[in-house]
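Chemist: Right, I'll just put the structure down here and ask away after.
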Amino acid sequence: MESATDTIAAIATGSGKAGIGVVRISGSLVETIATGITAKALMPRHAHHLSFLDEHGQVVDEGIVIRFVAPHSFTGEDVLELQGHGGPVILDLLLQRVLQLGARVAKPGEFSERAFHNDKLDLAQAEAISDLIESSSVAAARAAVRSMRGEFSAHIELINTELVALRVWLEAAMDFSEEEIDFLAEPQLQQRAVNLIDQFGLLLARAEQGQRLRDGFNVVIAGSTNAGKSSLLNQLAGDDTAIVTNIAGTTRDVLQTDITLQGVPIHITDTAGIRHTEDVVELEGIRRATKAIASADHVMIVLDALTPVMPELPELNAQQVSVVLNKSDLVDRSTLDTLQQQFNSTLHVSAKTGSNMDALADHILKLAGHDQQIEGVYLSRRRHIDAIEVALLSTREAFERLKVNTMPELAAEELRHAQQALEIITGRFDTEDLLGEIFSNFCVGK
């Protein structure tokens, strides 16, 4: 039966061959395991170059051994790290020896979960460790480091401190409601409300941009056959990702590729040209195209400037669609202006020559919510955004009640809800189901 007090162990480095491999152990049996493997007494927080021994005293490998004593370790428990050669066979032998000495194999994320439960880091910081490992761009990695170092949590704590202070103010107002002192009429209250909403706005902007850095932005390229959708994809990808011919219906399936624009991962899907056809294979491609369009963050409709035909698409929000006129090099300026007015398009490109592709890239970044003016972005998840939005809504509702000076106890309750919503991000107010879902997606050994 697994227990949270078990000593756990895992290979903490990636699979395959490498110059160095690490076996990590955490728990109360660390000292026993260290002695069993090295036959030496280890000084805490010192690097020892030693031989690693099996149960018969035979040398399995040699390398660096470091022992950390609780609470001065990543997990807050006694921790041992065996840094040997990175061959899979050697690492497996070391792990098996550790298990013989009383440890069990760690579950994904169990080291980080123990660090969370031992107050070595909060939930947002723990998630940032996983996100740093999974980062797909330099910008995402830097944002993950900010969150891992606690900048995201510190911003949340700043807001939470003010929420607590306002709740104290309201409690005083209610306790002294029979006195002549009107706490709710204090001019400072309005300014504090404005400042708090501004802090919420900054937190949300940094988190939303960070969420885009983490999850990316899904763009589907749609349009009629031969509009140049695949050529446009190839231009954006900088490679011949899609087959391009003059034959209508060349693309018969969805084709996905990932690009990075100023650190933002963009997931682009090229789809089959939408038209009336009896071809069974092409019809299936159109069905898949329609499905991809319905689930996209944004749909980019590509029209042939020579023969512009708007395809029949699923009903979409106007904010979710932009029209791009392709083959602009084949028509004159006057015709292009007329077409842009007709189809409400602000973009014209030539996928063949590459003309105006920088403007298209900027357009996609703007759609993704990327703002170069926002500094100190925190790599965030959808659950963080949802929690901040709930907290902001409750805070605004509280201030609306205070403006009309009615039922301050309800305003105080809204502020309490706001505080709880923010604490879900850091894990101060959480459920076991949430923790299980988060840590199960971590790497083994973290």
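Residues in the structure tokens are numbered from 1 in each chain, the chains being A, B, ... in the order shown, and ligands are numbered from 1 in the order shown.
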So that I can check the secondary structure, give me every residue of region 50-219 of chain A assigned strand (DSSP E or B) by backbone DSSP, as an MDAnalysis selection string.
Modeler: chainID A and resid 50:53 59:68 79:86 104:105 217:219
Chemist: I want to know what sits within 12 Å of Gly57 (chain A), based on only C-alpha atoms, with residues of the same chain fewer than 5 positions away left out; could you give that as a PyMOL selection string?
Modeler: chain A and resi 35-39+51-52+97
Chemist: What's around Leu29 (chain A) at 9 Å? Count only C-alpha atoms, leave out sequence neighbours fewer than 3 positions away in its own chain, and write the answer as an MDAnalysis selection string.
Modeler: chainID A and resid 6:7 25:26 32:34 78 101:103
Chemist: Those same residues, written as a PDB file, in the first residue's frame with C-alpha atoms?
Modeler:
ATOM      1  CA  ASP A   6       7.266   6.134   1.806  1.00  0.00           C
ATOM      2  CA  THR A   7      10.788   6.741   0.592  1.00  0.00           C
ATOM      3  CA  ILE A  25      15.660   9.492  -3.684  1.00  0.00           C
ATOM      4  CA  SER A  26      13.519  11.281  -1.073  1.00  0.00           C
ATOM      5  CA  THR A  32      20.241   3.937   5.116  1.00  0.00           C
ATOM      6  CA  ILE A  33      20.188   3.805   1.322  1.00  0.00           C
ATOM      7  CA  ALA A  34      23.230   6.083   1.048  1.00  0.00           C
ATOM      8  CA  ASP A  78      15.975  13.916   3.322  1.00  0.00           C
ATOM      9  CA  LEU A 101      17.116  -0.977   0.196  1.00  0.00           C
ATOM     10  CA  GLY A 102      13.508  -0.010   0.902  1.00  0.00           C
ATOM     11  CA  ALA A 103      12.407   2.705  -1.507  1.00  0.00           C
TER      12      ALA A 103
END
